[in-house]
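Report on the following structure.
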Amino acid sequence: MRVNSPAVTLRRDLVPAVCLLLFAAVAGTVRLKAYDLFWHLASGRWILEHGELPRTDPFRFTSHGVPWVDHEWLFQVAVATLERVWGLPALVVGLAALVVALAALLFNSLRRAGAPAAGAALVVLIAILGARGRFFLRPELASLFLLPLSIALLQSFRRTGSRVPVLILPVLVMLWVNFHPGALLAPVVTAAYLVGTRLPGGARGGRPIPWTWVLGLPAVTILALLANPYGAGLFTVPFGIAEALRGLPGTNPEWLPVWQRPEPFLFFFCGLAALLALAVAAGVKARRLDPATGLVALALAVLASTGLRHLGLFFVGAAFFAGEALADLARVRDPQREERRLGRLLVPLACLLAAFWCVLPPSRGPLRPRQGAFRPGFGIEPGRFPEKAVDDLARRQGVGNLYNDVAFGGYLLWRLYPPRQVFIDARNEVNPGLFHELAAARGSEERWTALLARYGIDGALVRYDDRPRAVLSPPAVPGGPPRVEHHTTNALFFPRERFALVYWDDVAMIFLRRTPERAALLEREEYRYVHPEDWRATLAQAEADPLFRAAVLEDVERRLGEDPGVVRALQLREALAP
């Protein structure tokens, strides 16, 4: 096959590469929607202000002073520095830049392996689409970039025989382990790749890698994992997370394996099927497969099958095996004419369609995003965080310990710490017993009341849970059977007799505990009749009692007078209209 000059190669790469990188920029420019991001920002701010890492939990009043292994501290410092200097839009720019860098890294690696430009661009396009569901701005992003970078270094070592890449790899792992625990994959991937180079066809025409490197380099990466402020203590974090989640009634879908998911793991199976089809084609036509990248892809496929949160790692890591298969196919035929056609037509069209899907994804059907749509733009995803509710809290004086949903904990810390601590946030490994205590308390009114008393809960910031729960109420007439009524969770947990609703919008509600000292404040600010979450019971009582209907409508009109855009208030007003 004719060897092209660098100028010819550059011209051939230009159109696919530019289209791919433009698509990557679109795919990565998304509004901030990760609940975890904000406690990471709060932690990074704490580290920058104190000049040290926290050794105990400073953020929760339920676990203040409990030992905490802040294993993602370097990510926190990075994002907190960006946010401090340039604000939240800088975080979106940083995310987009990382996705573009990832696409460039993968494309360059596949081209160096010998994959045609158009084919390499299409593989990287699929990899970015498959991983996009994990493009939350949180420490996992470090693994999505550093994993393929590690594989690229191993590729370079095999291709050139230079020891520079393998000297860089342990340093990379040292950096990686302080960003994200996904660094624990480094020894596994390194061992799988190097063992694969010793299998038939693994040398790819070069000299076999010596066994001293095959056995020694994974061991060195294990030692590199210890280069973190907590040493071997870092390895206890996964066990703490598992302990916190074990036995809980609700399971995060991210942790469910493919065989337990209620709906098909479509993106994973489609990606796996495409990879197997490409492997079969290379095996039949080229009569060779690369066992090094093949073992890595197999290991990552097994990992991805255990939980949705590992899907991105599979797509970005398996791209290397796909690139080797394309290179093998290219060696047995002359792809130049077909490649020019693909590069000029198919790649730009595929990138355009993929970008359109990113900007306007379908809301239903097999192509809908499985983790919700990522909306393009800068700043915070509208309607996801309690921005206005926290504004309301910030102006209130004298509110003590506040109960909050786990999803809101990070945002509360970012906005109001210090001095306000939170009840709970998404750091599962800190005080694992709290999750179990909370789950047990939710099953009994007595245990719930005891939990609120134990932690001195003075109010609550909660998000909506519109699902009604059946509860027994006193009989309608003396001596009659108990009545079965249906009310929502927060209507039961924060009843009007003990808590007053003082704020609500479309994202959150604020309740304050009734005390004699608050009597005058609640007289002015309480919504006495409307319950925007328990709207079914509210409307049912309003239908039976015209005076109650008028009182509820007055509450609704008052809320719309303060904020005309509250959708729940508009819907309630329409439902209450005569």
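In the structure tokens, the first chain shown is A, the next is B, and so on; residue numbers restart at 1 for each chain, and ligands run from 1 in the order shown.
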Could you list, as an mmCIF file with N, CA and C atoms, in the first residue's frame, every residue within 7 Å of stretch 459-464 of chain A, counting only C-alpha atoms and ignoring same-chain residues fewer than 4 positions away?
data_model
loop_
_atom_site.group_PDB
_atom_site.id
_atom_site.type_symbol
_atom_site.label_atom_id
_atom_site.label_comp_id
_atom_site.auth_asym_id
_atom_site.auth_seq_id
_atom_site.Cartn_x
_atom_site.Cartn_y
_atom_site.Cartn_z
ATOM 1 N N ASN A 401 -31.051 24.129 62.867
ATOM 2 C CA ASN A 401 -30.739 22.985 62.025
ATOM 3 C C ASN A 401 -31.862 22.718 61.031
ATOM 4 N N LEU A 402 -31.476 22.585 59.788
ATOM 5 C CA LEU A 402 -32.446 22.465 58.705
ATOM 6 C C LEU A 402 -32.354 21.067 58.100
ATOM 7 N N TYR A 403 -33.492 20.367 58.078
ATOM 8 C CA TYR A 403 -33.534 19.107 57.344
ATOM 9 C C TYR A 403 -33.521 19.428 55.855
ATOM 10 N N ASN A 404 -32.806 18.604 55.060
ATOM 11 C CA ASN A 404 -32.803 18.816 53.607
ATOM 12 C C ASN A 404 -32.724 17.479 52.894
ATOM 13 N N ASP A 405 -33.251 17.427 51.685
ATOM 14 C CA ASP A 405 -33.083 16.250 50.835
ATOM 15 C C ASP A 405 -31.623 16.122 50.442
ATOM 16 N N VAL A 507 -39.576 24.127 42.524
ATOM 17 C CA VAL A 507 -38.440 23.251 42.822
ATOM 18 C C VAL A 507 -38.459 22.771 44.256
ATOM 19 N N ALA A 508 -38.822 23.633 45.192
ATOM 20 C CA ALA A 508 -38.638 23.298 46.602
ATOM 21 C C ALA A 508 -39.692 23.970 47.472
ATOM 22 N N MET A 509 -39.793 23.472 48.709
ATOM 23 C CA MET A 509 -40.637 24.063 49.745
ATOM 24 C C MET A 509 -39.790 24.280 51.002
ATOM 25 N N ILE A 510 -40.149 25.304 51.760
ATOM 26 C CA ILE A 510 -39.494 25.561 53.044
ATOM 27 C C ILE A 510 -40.551 25.503 54.137
ATOM 28 N N PHE A 511 -40.262 24.681 55.158
ATOM 29 C CA PHE A 511 -41.108 24.597 56.344
ATOM 30 C C PHE A 511 -40.313 25.100 57.541
ATOM 31 N N LEU A 512 -40.994 25.778 58.469
ATOM 32 C CA LEU A 512 -40.386 26.198 59.730
ATOM 33 C C LEU A 512 -41.188 25.619 60.886
ATOM 34 N N ARG A 513 -40.471 25.185 61.908
ATOM 35 C CA ARG A 513 -41.120 24.617 63.086
ATOM 36 C C ARG A 513 -41.888 25.717 63.834
ATOM 37 N N GLU A 533 -47.511 20.331 47.249
ATOM 38 C CA GLU A 533 -47.174 18.936 46.967
ATOM 39 C C GLU A 533 -48.395 18.035 47.149
#
Shell of 10 Å around stretch 204-206 of chain A, only C-alpha atoms, local chain residues under 6 positions omitted, as a ChimeraX atom specification = /A:113,158-161,197,288-292,324
key: Near-A:Ala542 list (10 Å; only C-alpha atoms; drop same-chain fewer than 2 positions) as a list in words   =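 The neighbour list is Tyr529, Val530, Arg536, Ala537, Thr538, Leu539, Ala540, Ala544, Asp545, Pro546, Leu547, Phe548, Arg549, Ala550, Ala551, Val552, Leu553 and Leu576 of chain A.
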Same residues, N, CA, C and O atoms, saved as a short mmCIF file (atom, residue, chain, number, x, y, z; two decimals), in the first residue's frame:
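Final file, selection_33.cif:
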data_model
loop_
_atom_site.label_atom_id
_atom_site.label_comp_id
_atom_site.auth_asym_id
_atom_site.auth_seq_id
_atom_site.Cartn_x
_atom_site.Cartn_y
_atom_site.Cartn_z
N TYR A 529 -53.31 27.21 54.01
CA TYR A 529 -54.28 26.26 53.46
C TYR A 529 -53.74 25.47 52.27
O TYR A 529 -54.01 24.28 52.15
N VAL A 530 -53.01 26.10 51.43
CA VAL A 530 -52.52 25.40 50.25
C VAL A 530 -51.35 24.49 50.63
O VAL A 530 -50.56 24.81 51.51
N ARG A 536 -53.62 16.81 45.58
CA ARG A 536 -54.83 15.98 45.41
C ARG A 536 -55.74 16.14 46.62
O ARG A 536 -56.95 16.36 46.47
N ALA A 537 -55.15 16.03 47.82
CA ALA A 537 -55.96 16.20 49.03
C ALA A 537 -56.47 17.62 49.15
O ALA A 537 -57.61 17.86 49.59
N THR A 538 -55.66 18.59 48.75
CA THR A 538 -56.09 19.99 48.80
C THR A 538 -57.29 20.23 47.90
O THR A 538 -58.28 20.86 48.31
N LEU A 539 -57.24 19.72 46.67
CA LEU A 539 -58.34 19.92 45.74
C LEU A 539 -59.58 19.16 46.17
O LEU A 539 -60.72 19.64 45.99
N ALA A 540 -59.39 17.97 46.75
CA ALA A 540 -60.55 17.21 47.21
C ALA A 540 -61.27 17.94 48.33
O ALA A 540 -62.52 18.01 48.36
N ALA A 544 -65.21 19.94 48.41
CA ALA A 544 -66.25 19.68 49.40
C ALA A 544 -66.55 20.89 50.27
O ALA A 544 -67.61 20.94 50.92
N ASP A 545 -65.66 21.87 50.32
CA ASP A 545 -65.81 23.00 51.24
C ASP A 545 -65.51 24.30 50.51
O ASP A 545 -64.35 24.65 50.28
N PRO A 546 -66.55 25.07 50.12
CA PRO A 546 -66.34 26.32 49.39
C PRO A 546 -65.49 27.33 50.16
O PRO A 546 -64.72 28.08 49.56
N LEU A 547 -65.65 27.38 51.48
CA LEU A 547 -64.84 28.33 52.26
C LEU A 547 -63.36 27.95 52.20
O LEU A 547 -62.48 28.82 52.10
N PHE A 548 -63.07 26.65 52.27
CA PHE A 548 -61.69 26.20 52.16
C PHE A 548 -61.14 26.51 50.77
O PHE A 548 -60.00 26.93 50.61
N ARG A 549 -61.99 26.32 49.75
CA ARG A 549 -61.56 26.65 48.38
C ARG A 549 -61.14 28.11 48.28
O ARG A 549 -60.10 28.44 47.69
N ALA A 550 -61.93 28.99 48.83
CA ALA A 550 -61.62 30.42 48.77
C ALA A 550 -60.31 30.72 49.49
O ALA A 550 -59.50 31.54 49.03
N ALA A 551 -60.08 30.05 50.63
CA ALA A 551 -58.85 30.29 51.39
C ALA A 551 -57.62 29.79 50.62
O ALA A 551 -56.58 30.45 50.60
N VAL A 552 -57.77 28.61 50.00
CA VAL A 552 -56.66 28.07 49.21
C VAL A 552 -56.36 28.99 48.04
O VAL A 552 -55.20 29.29 47.73
N LEU A 553 -57.41 29.45 47.38
CA LEU A 553 -57.22 30.33 46.23
C LEU A 553 -56.53 31.63 46.64
O LEU A 553 -55.70 32.17 45.90
N LEU A 576 -58.76 25.35 40.75
CA LEU A 576 -59.66 25.88 41.75
C LEU A 576 -60.71 26.82 41.18
O LEU A 576 -61.66 27.20 41.88
#
query = Please, what distance in Å, to one decimal, runs between atom CA of A:Gly307 and atom CA of A:Gly130?
reply = 14.2 Å
query = Nearest to A:Ala121 among A:Pro89, A:Gly28, A:Pro348, A:Gly240, with distances taken over only C-alpha atoms: which residue is it?
reply =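 Between A:Pro89, A:Gly28, A:Pro348, A:Gly240, the residue approaching A:Ala121 most closely is A:Pro348.
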Between atom CA of A:Gln76 and atom CA of A:Glu52 - distance in Å to one decimal =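 That distance, rounded to one decimal, is 12.5 Å.
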ask   = Using only C-alpha atoms, which of the listed residues (A:Pro139, A:Leu74, A:Phe61, A:Ser305) sits closest to A:Tyr455?
value =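 Result for the nearest residue to A:Tyr455: A:Phe61.
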message = Which residue is closest to A:Phe235? Choose from A:Asn428, A:Leu102, A:Phe320, A:Gly182 and count only C-alpha atoms.
response =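 Using only C-alpha atoms, A:Phe235 sits closest to A:Gly182.
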ask   = Hey, what's within 12 Å of A:Glu557 if we count only C-alpha atoms and toss same-chain stuff fewer than 3 positions away? As a list in words, please?
value =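 So the residues in contact are Tyr527, Val530, Ala550, Ala551, Val552, Leu553, Glu554, Leu560, Gly561, Glu562, Asp563, Pro564, Gly565, Val566, Arg568, Ala569, Leu570, Gln571, Leu572, Arg573, Glu574, Leu576 and Ala577 of chain A.
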ask   = What separation in Å, quoted to one decimal, exists between atom CA of A:Ala227 and atom CA of A:Phe239?
value =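 Atom-to-atom, atom CA of A:Ala227 and atom CA of A:Phe239 are spaced 19.8 Å apart.
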task = Taking the chain letters and numbering used in this document, name the residues of stretch 272-521 of chain A that DSSP puts in helix (DSSP H, G or I), as a VMD selection string.
result = chain A and resid 272 to 286 291 to 305 308 to 331 336 to 359 387 to 395 406 to 416 433 to 441 445 to 454 489 to 493 516 to 521
message = Need to verify the contact set: A:Arg415, 8 Å, only C-alpha atoms, exclusion of same-chain residues closer than 3 positions in sequence. Can you return it as a count of residues only?
response = 3
task = Extract the full set of strand (DSSP E) residues from stretch 229-476 of chain A according to DSSP on the backbone, and format it as a PyMOL selection string.
result = chain A and resi 401-404+457-463+468-473
